[in-house]
Structures are given as C-alpha cells and as structure tokens.
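Participant: Data file entry.pdb (PDB, C-alpha atoms) is appended below.
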```pdb
ATOM      1  CA  MET A  13     -85.536 -15.721  16.941
ATOM      2  CA  ARG A  14     -88.949 -16.268  18.528
ATOM      3  CA  ASN A  15     -87.364 -17.795  21.632
ATOM      4  CA  SER A  16     -84.825 -14.982  21.954
ATOM      5  CA  ALA A  17     -87.452 -12.274  21.483
ATOM      6  CA  THR A  18     -89.743 -13.939  24.027
ATOM      7  CA  LEU A  19     -86.966 -14.221  26.627
ATOM      8  CA  ALA A  20     -85.977 -10.584  26.116
ATOM      9  CA  THR A  21     -89.599  -9.461  26.520
ATOM     10  CA  VAL A  22     -90.140 -11.515  29.680
ATOM     11  CA  PHE A  23     -86.908 -10.221  31.180
ATOM     12  CA  ALA A  24     -87.902  -6.612  30.448
ATOM     13  CA  ILE A  25     -91.358  -7.086  32.019
ATOM     14  CA  VAL A  26     -89.963  -8.798  35.116
ATOM     15  CA  GLY A  27     -87.213  -6.200  35.333
ATOM     16  CA  HIS A  28     -89.607  -3.263  35.412
ATOM     17  CA  THR A  29     -92.118  -4.943  37.760
ATOM     18  CA  VAL A  30     -89.959  -7.024  40.116
ATOM     19  CA  LEU A  31     -86.219  -6.498  39.758
ATOM     20  CA  GLY A  32     -86.077  -2.720  39.945
ATOM     21  CA  PHE A  33     -84.974  -1.451  36.558
ATOM     22  CA  GLU A  34     -84.166   2.246  36.960
ATOM     23  CA  GLN A  35     -85.018   3.017  33.339
ATOM     24  CA  SER A  36     -88.556   4.301  32.829
ATOM     25  CA  LEU A  37     -91.310   2.411  31.056
ATOM     26  CA  ALA A  38     -91.463   5.321  28.617
ATOM     27  CA  GLN A  39     -87.916   4.469  27.578
ATOM     28  CA  LEU A  40     -88.989   0.901  26.837
ATOM     29  CA  PHE A  41     -92.007   1.948  24.768
ATOM     30  CA  VAL A  42     -90.036   4.548  22.792
ATOM     31  CA  ALA A  43     -87.347   1.980  22.018
ATOM     32  CA  VAL A  44     -89.828  -0.651  20.800
ATOM     33  CA  LEU A  45     -92.021   1.679  18.732
ATOM     34  CA  SER A  46     -89.080   3.450  17.140
ATOM     35  CA  GLY A  47     -87.440   0.086  16.461
ATOM     36  CA  TYR A  48     -90.496  -1.117  14.552
ATOM     37  CA  THR A  49     -90.587   2.129  12.591
ATOM     38  CA  TRP A  50     -86.909   2.049  11.619
ATOM     39  CA  ALA A  51     -87.080  -1.633  10.666
ATOM     40  CA  LEU A  52     -90.002  -1.104   8.296
ATOM     41  CA  LEU A  53     -88.518   2.090   6.850
ATOM     42  CA  PHE A  54     -85.013   0.728   6.275
ATOM     43  CA  GLU A  55     -86.362  -2.488   4.766
ATOM     44  CA  TRP A  56     -88.604  -0.543   2.394
ATOM     45  CA  VAL A  57     -85.709   1.667   1.253
ATOM     46  CA  ASP A  58     -83.380  -1.315   0.826
ATOM     47  CA  ALA A  59     -86.015  -3.264  -1.106
ATOM     48  CA  ARG A  60     -86.557  -0.327  -3.449
ATOM     49  CA  SER A  61     -82.803   0.040  -3.944
ATOM     50  CA  TYR A  62     -82.367  -3.608  -4.954
ATOM     51  CA  ASN A  63     -85.693  -3.896  -6.786
ATOM     52  CA  ARG A  64     -87.014  -6.686  -4.575
ATOM     53  CA  PRO A  65     -90.132  -7.127  -2.447
ATOM     54  CA  PRO A  66     -89.794  -6.032   1.203
ATOM     55  CA  GLY A  67     -89.173  -8.798   3.716
ATOM     56  CA  TYR A  68     -92.437  -8.053   5.524
ATOM     57  CA  ALA A  69     -94.660  -8.204   2.429
ATOM     58  CA  GLY A  70     -96.474 -11.087   0.808
ATOM     59  CA  GLY A  71     -97.230 -13.274   3.808
ATOM     60  CA  GLY A  72     -99.914 -11.488   5.740
ATOM     61  CA  PHE A  73     -99.787 -10.518   9.404
ATOM     62  CA  LYS A  74     -97.712 -13.559  10.428
ATOM     63  CA  LYS A  75     -94.896 -12.604   8.086
ATOM     64  CA  LEU A  76     -94.973  -9.043   9.359
ATOM     65  CA  VAL A  77     -94.671 -10.263  12.955
ATOM     66  CA  ASP A  78     -91.812 -12.610  12.087
ATOM     67  CA  PHE A  79     -90.038  -9.800  10.269
ATOM     68  CA  LEU A  80     -90.324  -7.494  13.298
ATOM     69  CA  LEU A  81     -88.996 -10.091  15.765
ATOM     70  CA  SER A  82     -85.401  -9.063  15.148
ATOM     71  CA  ALA A  83     -86.197  -5.374  15.609
ATOM     72  CA  HIS A  84     -88.234  -6.206  18.706
ATOM     73  CA  MET A  85     -85.366  -8.077  20.348
ATOM     74  CA  THR A  86     -82.847  -5.368  19.424
ATOM     75  CA  SER A  87     -85.094  -2.626  20.818
ATOM     76  CA  ILE A  88     -85.876  -4.489  24.044
ATOM     77  CA  THR A  89     -82.199  -5.243  24.648
ATOM     78  CA  THR A  90     -81.155  -1.665  23.975
ATOM     79  CA  SER A  91     -83.856  -0.286  26.265
ATOM     80  CA  PHE A  92     -82.542  -1.978  29.407
ATOM     81  CA  LEU A  93     -78.836  -1.729  28.626
ATOM     82  CA  ILE A  94     -78.686   2.052  28.305
ATOM     83  CA  TYR A  95     -79.650   4.766  30.758
ATOM     84  CA  ALA A  96     -80.420   8.210  29.347
ATOM     85  CA  ASN A  97     -82.503   9.777  32.141
ATOM     86  CA  ARG A  98     -85.359  11.834  30.630
ATOM     87  CA  ARG A  99     -83.855  12.162  27.156
ATOM     88  CA  LEU A 100     -86.161   9.710  25.403
ATOM     89  CA  TRP A 101     -84.947  10.760  21.968
ATOM     90  CA  ILE A 102     -81.717   8.922  22.650
ATOM     91  CA  MET A 103     -83.639   5.636  22.537
ATOM     92  CA  ALA A 104     -84.954   6.429  19.062
ATOM     93  CA  LEU A 105     -81.405   7.243  17.996
ATOM     94  CA  ALA A 106     -80.081   4.040  19.556
ATOM     95  CA  THR A 107     -82.571   1.848  17.691
ATOM     96  CA  ALA A 108     -81.876   3.741  14.457
ATOM     97  CA  ILE A 109     -78.134   3.061  14.805
ATOM     98  CA  ALA A 110     -78.697  -0.566  15.774
ATOM     99  CA  ILE A 111     -81.148  -1.476  13.029
ATOM    100  CA  GLY A 112     -79.516   0.786  10.459
ATOM    101  CA  SER A 113     -76.176  -0.970  10.968
ATOM    102  CA  LYS A 114     -77.756  -4.131   9.553
ATOM    103  CA  TYR A 115     -78.291  -2.360   6.236
ATOM    104  CA  VAL A 116     -75.134  -0.230   6.103
ATOM    105  CA  LEU A 117     -72.411  -2.372   7.689
ATOM    106  CA  ARG A 118     -72.642  -5.524   5.606
ATOM    107  CA  VAL A 119     -70.517  -7.473   3.167
ATOM    108  CA  ARG A 120     -71.282  -9.900   0.387
ATOM    109  CA  CYS A 121     -70.696 -13.452   1.562
ATOM    110  CA  GLU A 122     -71.582 -16.594  -0.391
ATOM    111  CA  GLY A 123     -73.575 -14.568  -2.866
ATOM    112  CA  ARG A 124     -75.668 -12.512  -0.451
ATOM    113  CA  LEU A 125     -75.250  -9.460   1.734
ATOM    114  CA  ARG A 126     -74.778 -10.113   5.445
ATOM    115  CA  HIS A 127     -74.335  -7.683   8.329
ATOM    116  CA  PHE A 128     -71.394  -8.318  10.610
ATOM    117  CA  MET A 129     -71.939  -5.929  13.524
ATOM    118  CA  ASN A 130     -74.000  -6.979  16.541
ATOM    119  CA  PRO A 131     -76.783  -4.362  16.257
ATOM    120  CA  SER A 132     -77.479  -3.685  19.945
ATOM    121  CA  ASN A 133     -73.828  -3.796  20.934
ATOM    122  CA  PHE A 134     -72.808  -1.466  18.091
ATOM    123  CA  ALA A 135     -75.464   1.096  19.004
ATOM    124  CA  LEU A 136     -74.395   1.084  22.641
ATOM    125  CA  ALA A 137     -70.729   1.466  21.720
ATOM    126  CA  VAL A 138     -71.491   4.431  19.452
ATOM    127  CA  LEU A 139     -73.626   6.167  22.062
ATOM    128  CA  TYR A 140     -71.120   5.662  24.872
ATOM    129  CA  VAL A 141     -68.501   7.398  22.711
ATOM    130  CA  THR A 142     -70.586  10.231  21.270
ATOM    131  CA  TYR A 143     -72.909  10.936  24.223
ATOM    132  CA  GLN A 144     -70.861  10.304  27.325
ATOM    133  CA  TRP A 145     -73.684  11.357  29.634
ATOM    134  CA  THR A 146     -75.384   8.076  28.744
ATOM    135  CA  GLY A 147     -74.420   4.978  30.641
ATOM    136  CA  VAL A 148     -75.233   1.407  31.569
ATOM    137  CA  LEU A 149     -76.362   0.587  35.087
ATOM    138  CA  PRO A 150     -75.379  -3.017  35.925
ATOM    139  CA  TRP A 151     -76.708  -2.743  39.467
ATOM    140  CA  SER A 152     -80.144  -1.636  38.325
ATOM    141  CA  PHE A 153     -81.075  -5.216  37.483
ATOM    142  CA  THR A 154     -81.361  -6.349  41.107
ATOM    143  CA  THR A 155     -82.123  -3.367  43.323
ATOM    144  CA  LYS A 156     -85.390  -4.909  44.562
ATOM    145  CA  ILE A 157     -84.242  -8.456  45.294
ATOM    146  CA  HIS A 158     -82.134  -9.647  48.206
ATOM    147  CA  GLY A 159     -80.988 -12.751  50.024
ATOM    148  CA  VAL A 160     -81.245 -16.080  48.242
ATOM    149  CA  TRP A 161     -82.616 -14.388  45.117
ATOM    150  CA  ASP A 162     -79.198 -12.852  44.534
ATOM    151  CA  TRP A 163     -78.151 -16.411  43.666
ATOM    152  CA  VAL A 164     -81.380 -17.768  42.213
ATOM    153  CA  LEU A 165     -81.863 -15.071  39.568
ATOM    154  CA  PRO A 166     -78.403 -15.433  37.966
ATOM    155  CA  ALA A 167     -78.830 -19.220  38.054
ATOM    156  CA  ILE A 168     -82.138 -18.953  36.172
ATOM    157  CA  ILE A 169     -80.614 -16.629  33.566
ATOM    158  CA  VAL A 170     -77.644 -18.965  33.122
ATOM    159  CA  CYS A 171     -79.865 -22.047  32.721
ATOM    160  CA  LEU A 172     -82.068 -20.332  30.148
ATOM    161  CA  GLY A 173     -78.988 -19.042  28.330
ATOM    162  CA  VAL A 174     -77.369 -22.468  28.218
ATOM    163  CA  ARG A 175     -80.580 -24.005  26.875
ATOM    164  CA  LEU A 176     -80.897 -21.269  24.247
ATOM    165  CA  ASN A 177     -77.331 -21.666  23.032
ATOM    166  CA  ILE A 178     -77.363 -25.462  23.002
ATOM    167  CA  LEU A 179     -80.679 -25.932  21.206
ATOM    168  CA  PHE A 180     -80.847 -22.883  18.944
ATOM    169  CA  THR A 181     -77.762 -20.695  18.476
ATOM    170  CA  ARG A 182     -75.202 -23.515  18.986
ATOM    171  CA  LYS A 183     -72.631 -21.042  20.327
ATOM    172  CA  ILE A 184     -71.315 -23.044  23.297
ATOM    173  CA  PRO A 185     -67.730 -23.124  21.875
ATOM    174  CA  LEU A 186     -67.787 -19.327  21.677
ATOM    175  CA  ILE A 187     -69.035 -19.014  25.258
ATOM    176  CA  LEU A 188     -66.463 -21.445  26.646
ATOM    177  CA  SER A 189     -63.650 -19.751  24.766
ATOM    178  CA  TRP A 190     -64.704 -16.307  25.968
ATOM    179  CA  LEU A 191     -64.992 -17.421  29.601
ATOM    180  CA  GLY A 192     -61.817 -19.503  29.587
ATOM    181  CA  THR A 193     -59.718 -16.767  27.992
ATOM    182  CA  PHE A 194     -61.257 -14.177  30.316
ATOM    183  CA  VAL A 195     -60.173 -16.165  33.377
ATOM    184  CA  VAL A 196     -56.664 -16.832  32.039
ATOM    185  CA  LEU A 197     -56.121 -13.182  31.143
ATOM    186  CA  GLY A 198     -57.515 -12.192  34.544
ATOM    187  CA  PHE A 199     -54.618 -14.057  36.155
ATOM    188  CA  VAL A 200     -52.231 -12.423  33.690
ATOM    189  CA  ARG A 201     -53.525  -8.935  34.527
ATOM    190  CA  SER A 202     -53.230  -9.719  38.220
ATOM    191  CA  TRP A 203     -49.610 -10.784  37.759
ATOM    192  CA  ILE A 204     -48.702  -7.784  35.613
ATOM    193  CA  GLY A 205     -50.473  -5.124  37.645
ATOM    194  CA  GLY A 206     -50.020  -6.600  41.103
ATOM    195  CA  THR A 207     -53.765  -6.653  41.741
ATOM    196  CA  HIS A 208     -55.721  -9.343  43.533
ATOM    197  CA  VAL A 209     -57.039 -12.115  41.296
ATOM    198  CA  ALA A 210     -60.512 -11.781  42.802
ATOM    199  CA  ALA A 211     -60.647  -8.145  41.698
ATOM    200  CA  GLU A 212     -59.913  -9.163  38.109
ATOM    201  CA  LEU A 213     -62.494 -11.959  38.085
ATOM    202  CA  VAL A 214     -65.297 -10.303  40.049
ATOM    203  CA  PRO A 215     -67.187  -9.260  36.861
ATOM    204  CA  LEU A 216     -67.998 -12.962  36.415
ATOM    205  CA  THR A 217     -70.460 -12.716  39.301
ATOM    206  CA  GLY A 218     -72.579  -9.899  37.879
ATOM    207  CA  ILE A 219     -75.878 -10.278  36.055
ATOM    208  CA  ALA A 220     -74.679  -7.829  33.414
ATOM    209  CA  PHE A 221     -71.793 -10.198  32.635
ATOM    210  CA  VAL A 222     -74.154 -13.181  32.478
ATOM    211  CA  LEU A 223     -76.460 -11.387  30.046
ATOM    212  CA  PHE A 224     -73.493 -10.297  27.959
ATOM    213  CA  THR A 225     -72.107 -13.858  27.849
ATOM    214  CA  PHE A 226     -75.233 -15.810  27.007
ATOM    215  CA  TYR A 227     -77.332 -13.302  25.072
ATOM    216  CA  MET A 228     -75.143 -10.539  23.596
ATOM    217  CA  ILE A 229     -72.019 -12.132  22.123
ATOM    218  CA  THR A 230     -73.882 -15.215  20.868
ATOM    219  CA  ASP A 231     -75.897 -13.382  18.202
ATOM    220  CA  PRO A 232     -76.146 -16.078  15.493
ATOM    221  CA  GLN A 233     -76.199 -13.557  12.633
ATOM    222  CA  THR A 234     -72.927 -11.824  13.544
ATOM    223  CA  THR A 235     -70.776 -14.638  14.935
ATOM    224  CA  PRO A 236     -69.009 -17.551  13.191
ATOM    225  CA  ALA A 237     -70.730 -20.884  12.702
ATOM    226  CA  LYS A 238     -67.723 -23.235  12.813
ATOM    227  CA  PRO A 239     -66.638 -24.247  16.355
ATOM    228  CA  ALA A 240     -62.970 -23.368  15.738
ATOM    229  CA  CYS A 241     -63.911 -19.921  14.434
ATOM    230  CA  GLN A 242     -66.267 -19.448  17.379
ATOM    231  CA  ALA A 243     -63.404 -20.217  19.764
ATOM    232  CA  LEU A 244     -61.194 -17.669  18.019
ATOM    233  CA  PHE A 245     -63.985 -15.079  18.119
ATOM    234  CA  GLY A 246     -64.599 -15.578  21.848
ATOM    235  CA  ALA A 247     -60.882 -15.467  22.676
ATOM    236  CA  GLY A 248     -60.540 -12.290  20.618
ATOM    237  CA  ILE A 249     -63.271 -10.575  22.637
ATOM    238  CA  ALA A 250     -61.544 -11.530  25.906
ATOM    239  CA  PHE A 251     -58.178 -10.306  24.606
ATOM    240  CA  ALA A 252     -59.641  -6.976  23.430
ATOM    241  CA  TYR A 253     -61.381  -6.659  26.803
ATOM    242  CA  SER A 254     -58.079  -7.078  28.652
ATOM    243  CA  VAL A 255     -56.249  -4.559  26.470
ATOM    244  CA  LEU A 256     -58.986  -1.947  26.916
ATOM    245  CA  LEU A 257     -59.123  -2.608  30.652
ATOM    246  CA  ILE A 258     -55.364  -2.093  30.986
ATOM    247  CA  LEU A 259     -55.785   1.188  29.089
ATOM    248  CA  HIS A 260     -58.498   2.214  31.611
ATOM    249  CA  VAL A 261     -61.227   2.370  28.978
ATOM    250  CA  GLN A 262     -64.779   2.247  30.327
ATOM    251  CA  TYR A 263     -67.512  -0.047  28.922
ATOM    252  CA  THR A 264     -64.838  -2.503  27.813
ATOM    253  CA  MET A 265     -67.235  -5.359  27.062
ATOM    254  CA  PHE A 266     -69.190  -3.445  24.441
ATOM    255  CA  TYR A 267     -66.121  -1.951  22.787
ATOM    256  CA  SER A 268     -64.358  -5.319  22.666
ATOM    257  CA  VAL A 269     -67.223  -6.921  20.730
ATOM    258  CA  THR A 270     -67.305  -3.961  18.346
ATOM    259  CA  ILE A 271     -63.566  -4.253  17.664
ATOM    260  CA  VAL A 272     -63.612  -8.008  17.072
ATOM    261  CA  ALA A 273     -66.756  -7.820  14.920
ATOM    262  CA  ALA A 274     -65.143  -5.084  12.818
ATOM    263  CA  ILE A 275     -62.036  -7.220  12.299
ATOM    264  CA  ARG A 276     -64.216 -10.163  11.291
ATOM    265  CA  GLY A 277     -66.142  -7.918   8.901
ATOM    266  CA  ALA A 278     -62.907  -6.749   7.273
ATOM    267  CA  TRP A 279     -61.820 -10.380   6.895
ATOM    268  CA  MET A 280     -65.161 -11.326   5.319
ATOM    269  CA  LEU A 281     -64.853  -8.381   2.939
ATOM    270  CA  ALA A 282     -61.368  -9.482   1.901
ATOM    271  CA  GLN A 283     -62.626 -13.039   1.399
ATOM    272  CA  GLY A 284     -65.467 -11.783  -0.761
ATOM    273  CA  VAL A 285     -63.104  -9.730  -2.911
ATOM    274  CA  ARG A 286     -60.828 -12.743  -3.419
ATOM    275  CA  GLU A 287     -63.770 -14.981  -4.318
ATOM    276  CA  SER A 288     -65.049 -12.443  -6.839
ATOM    277  CA  ALA A 289     -61.592 -12.136  -8.395
ATOM    278  CA  ALA A 290     -61.261 -15.927  -8.617
ATOM    279  CA  GLN A 291     -64.666 -16.220 -10.283
ATOM    280  CA  ARG A 292     -63.786 -13.563 -12.845
ATOM    281  CA  ALA A 293     -60.477 -15.270 -13.575
ATOM    282  CA  ALA A 294     -62.261 -18.591 -14.153
ATOM    283  CA  LEU A 295     -64.580 -17.145 -16.804
ATOM    284  CA  PRO A 296     -63.636 -18.031 -20.401
ATOM    285  CA  PRO A 297     -62.243 -15.149 -22.452
ATOM    286  CA  VAL A 298     -64.712 -13.418 -24.714
ATOM    287  CA  ALA A 299     -64.340 -14.635 -28.275
ATOM    288  CA  ALA A 300     -62.860 -12.108 -30.645
ATOM    289  CA  ALA A 301     -65.464 -10.448 -32.780
ATOM    290  CA  GLN A 302     -65.647 -11.788 -36.329
ATOM    291  CA  PRO A 303     -64.724  -9.263 -39.010
ATOM    292  CA  GLN A 304     -67.712  -7.946 -40.885
ATOM    293  CA  ILE A 305     -67.966  -8.756 -44.631
TER     294      ILE A 305
END
```
I'd like the structure from this file rewritten - as structure tokens, please.

Facilitator:
Amino acid sequence: MRNSATLATVFAIVGHTVLGFEQSLAQLFVAVLSGYTWALLFEWVDARSYNRPPGYAGGGFKKLVDFLLSAHMTSITTSFLIYANRRLWIMALATAIAIGSKYVLRVRCEGRLRHFMNPSNFALAVLYVTYQWTGVLPWSFTTKIHGVWDWVLPAIIVCLGVRLNILFTRKIPLILSWLGTFVVLGFVRSWIGGTHVAAELVPLTGIAFVLFTFYMITDPQTTPAKPACQALFGAGIAFAYSVLLILHVQYTMFYSVTIVAAIRGAWMLAQGVRESAAQRAALPPVAAAQPQI
C-alpha cells in the first residue's frame, strides 16, 4: 500500500508540473482532503455499528497514516482520472462513493467482511452514468511532452507497474490474461465488423490503457489471489470490454471492471451463504429439554 500510494502521489505531482494535466490543483486538493474526511467518518460509523475500535485508533500517528494510505491512493487516482471543470464538489462526491463502497458493497468471506468493488473504478463508473458532463481525458497526461518522451514515459510507467505487480500485488497472471484476451478479441472484432486490426488494438499504445492495466485492475483487495482465478478475472474484463464496445458504450474500461467485479461479488456472496448453511447443518442438534419434576 505504501508503494502504491507513493507512486500515485509522484505521478500526480509530475503530471501537474511536467506532463500537462488539465485538471486543476484545486481538484487534487479537494479530492485528497475529502477522501481523508470520508475515510475517518465511515470508519468511525462502521466501528460504532460493530462495537469495535476504529482502524485508525490505538497506534498513534503512524497507525493513522497507515490507515489513510488507502484513502490517499483512491483520492489521488480519482483526481486525475476524472475531469469536472470548475465543479469541485464532484470530487468530494467521487471520493465519498469510492470510499463508501468499501463499507457498503461487501460480503462475508472466510469469517470477515470484504469489499469487492474497486473503489476508484466504481466511483468513476457511477459518475459517468449519473453526471454525463463529467469525463476522462486520456490525452491530458502528455500534452507537454513530445518526441522521444512519448516513448520513454510509457516505458517508465510499464517498468514501475511490472515491478509493483511482481513484488507486491502478484497480479501478473491477471495482467497477461487481460492483455492476451484483449488482443484476441480485437482480431475477432475486426473480423466481425470489417474494421482494421490496428484500429481495434490502438488503445494498447495509450498511457491511460497502461495505467488501467498495471494500476487499476490489479487492486489486491478486489481481485482474486489464485492465478487461475486471476486469469478468469482478466479475461472477463476483456470480454465485457468487447461487448460494451460493440454496443457503442463509452468508457468501456471502467464499466467492464464494474460488471466483472459485481459478478465476482455475487459469487462470493453465494459462496458465503453456502458455507454458512453447511456450518449450521454440521452443528449437533440441541438436546431435548428434560421434563421438570
């Protein structure tokens, strides 16, 4: 988490100072401050509901910082993936949806509650549906760099993403499955629609696609751990992407992750119900009460 939060922060700083992010700095600050606020508020409410100590309490300042790392990364990511012009309140709403989904959209798995929606991705998907004047600006990442840097910057992001996913998240099977299925289905779409293959595969060359591949879909909290399940998850995202693209749906990448994560959440819920039923069935029957004398 510390590595991911650090990379997101560095990318945001470089983006606003060097790369040419079109979003304002005010949007970044509103996203981060509101994200901290929502995280502390939602955790306090959840802790009171379950009669437990809040996750930020009992360990001093270090524990508070560690607790806010997740909210920090979610807020940073949301701030540079959405464009809302001067409507800064939309950033507060986005972070509320993202962080709130971790407390609302969760299922009981192996004895504890776990959220199954990618927070940043879910918030973006909701906003793109409900407030269609918002948008994502893929070209805004590189408006101030030209020439060889058009190749160097994506290469740096890819190298850092590969290192992150090999050493920490261990989501390389998911990435390979997503990319492989994306390419295969690109050829299929080209054959079905009569389009040029290059037109179907050109998203692979964009920085937005690189960020999505190595930093969005590999969220360790909302993706499977087993390699086979990771491969299925990645292929599912590519398949949903192709279906939405054929239906001419915009922002297909974000919607495809939301759909697949929702299906996985429903499966986890069904598994939890079956496990609970099996545990109840294994309990010994209650002994009949002895008649009173």

Participant: Write out as a list in words each polymer residue whose atoms come within 7 Å of range 160-177 of chain A, counting all atoms listed in the file; drop sequence neighbours fewer than 3 positions from it.

Facilitator: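 Neighbouring residues, sequence-local ones excluded: Ile157, Phe180, Thr181, Arg182, Lys183, Ile184, Ile219, Val222, Phe226 and Tyr227 of chain A.
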
Participant: Starting from the shown file, work through the PyMOL selection byres ((chain A and resi 199-201) around 12) and note down what comes out as a tab-separated table (two decimals) with C-alpha atoms, in the coordinates of the input.

Facilitator:
```
chain	number	residue	atom	x	y	z
A	192	GLY	CA	-61.82	-19.50	29.59
A	193	THR	CA	-59.72	-16.77	27.99
A	194	PHE	CA	-61.26	-14.18	30.32
A	195	VAL	CA	-60.17	-16.16	33.38
A	196	VAL	CA	-56.66	-16.83	32.04
A	197	LEU	CA	-56.12	-13.18	31.14
A	198	GLY	CA	-57.52	-12.19	34.54
A	202	SER	CA	-53.23	-9.72	38.22
A	203	TRP	CA	-49.61	-10.78	37.76
A	204	ILE	CA	-48.70	-7.78	35.61
A	205	GLY	CA	-50.47	-5.12	37.65
A	206	GLY	CA	-50.02	-6.60	41.10
A	207	THR	CA	-53.76	-6.65	41.74
A	208	HIS	CA	-55.72	-9.34	43.53
A	209	VAL	CA	-57.04	-12.12	41.30
A	210	ALA	CA	-60.51	-11.78	42.80
A	211	ALA	CA	-60.65	-8.14	41.70
A	212	GLU	CA	-59.91	-9.16	38.11
A	213	LEU	CA	-62.49	-11.96	38.08
A	214	VAL	CA	-65.30	-10.30	40.05
A	251	PHE	CA	-58.18	-10.31	24.61
A	253	TYR	CA	-61.38	-6.66	26.80
A	254	SER	CA	-58.08	-7.08	28.65
A	255	VAL	CA	-56.25	-4.56	26.47
A	256	LEU	CA	-58.99	-1.95	26.92
A	257	LEU	CA	-59.12	-2.61	30.65
A	258	ILE	CA	-55.36	-2.09	30.99
A	259	LEU	CA	-55.78	1.19	29.09
```

Participant: Apply the PyMOL selection byres ((chain A and resi 42) around 9) to the file shown and report the selected residues as a PyMOL selection string.

Facilitator: chain A and resi 37-41+43-47+87+91+100-101+103-104

Participant: Place a sphere of radius 10 Å on (-66.9, -5.1, 16.5) in the file coordinates and name every protein, DNA or RNA residue with an atom inside or on its surface, counting all atoms listed in the file; give the answer as a PyMOL selection string.

Facilitator: chain A and resi 128-131+133-134+137+234+249+266-277

Participant: Of the residues A:Thr89, A:Phe221, A:Asp78, A:Gln283, which is the one nearest to Gly27 in chain A, using only C-alpha atoms?

Facilitator: A:Thr89

Participant: Please compute the CA of Leu191 in chain A-CA of Ala278 in chain A distance, one decimal, in Å.

Facilitator: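 Interatomic distance here is 24.8 Å.
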
Participant: The PyMOL selection byres ((chain A and resi 68) around 10) on the file shown: which residues, as an NGL selection string?

Facilitator: :A and (51-52 or 55-56 or 65-67 or 69-80)

Participant: Quick one, how far is CA of Ala243 in chain A from CA of Pro185 in chain A?

Facilitator: 5.6 Å

Participant: Point out the residue among A:Ala237, A:Leu244, A:Ala282, A:Met228 with the least atom-to-atom distance to Met265 in chain A, counting all atoms listed in the file.

Facilitator: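 Closest residue, counting all atoms listed in the file: A:Met228.
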
Participant: For Ile229 in chain A, which residue among A:Leu186, A:Leu179, A:Leu216, A:Val261 is the nearest when counting all atoms listed in the file?

Facilitator: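 Closest to Ile229 in chain A, using all atoms listed in the file: A:Leu186.
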
Participant: Which is closer to Ser82 in chain A than all the others in A:Ser113, A:Ser16, A:Thr264, A:Gln35, using only C-alpha atoms?

Facilitator: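 Ranking A:Ser113, A:Ser16, A:Thr264, A:Gln35 by distance to Ser82 in chain A, first place goes to A:Ser16.
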
Participant: What does the distance between CA of Val26 in chain A and CA of Arg99 in chain A come to in Å, to one decimal place?

Facilitator: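 Atom-to-atom, CA of Val26 in chain A and CA of Arg99 in chain A are spaced 23.2 Å apart.
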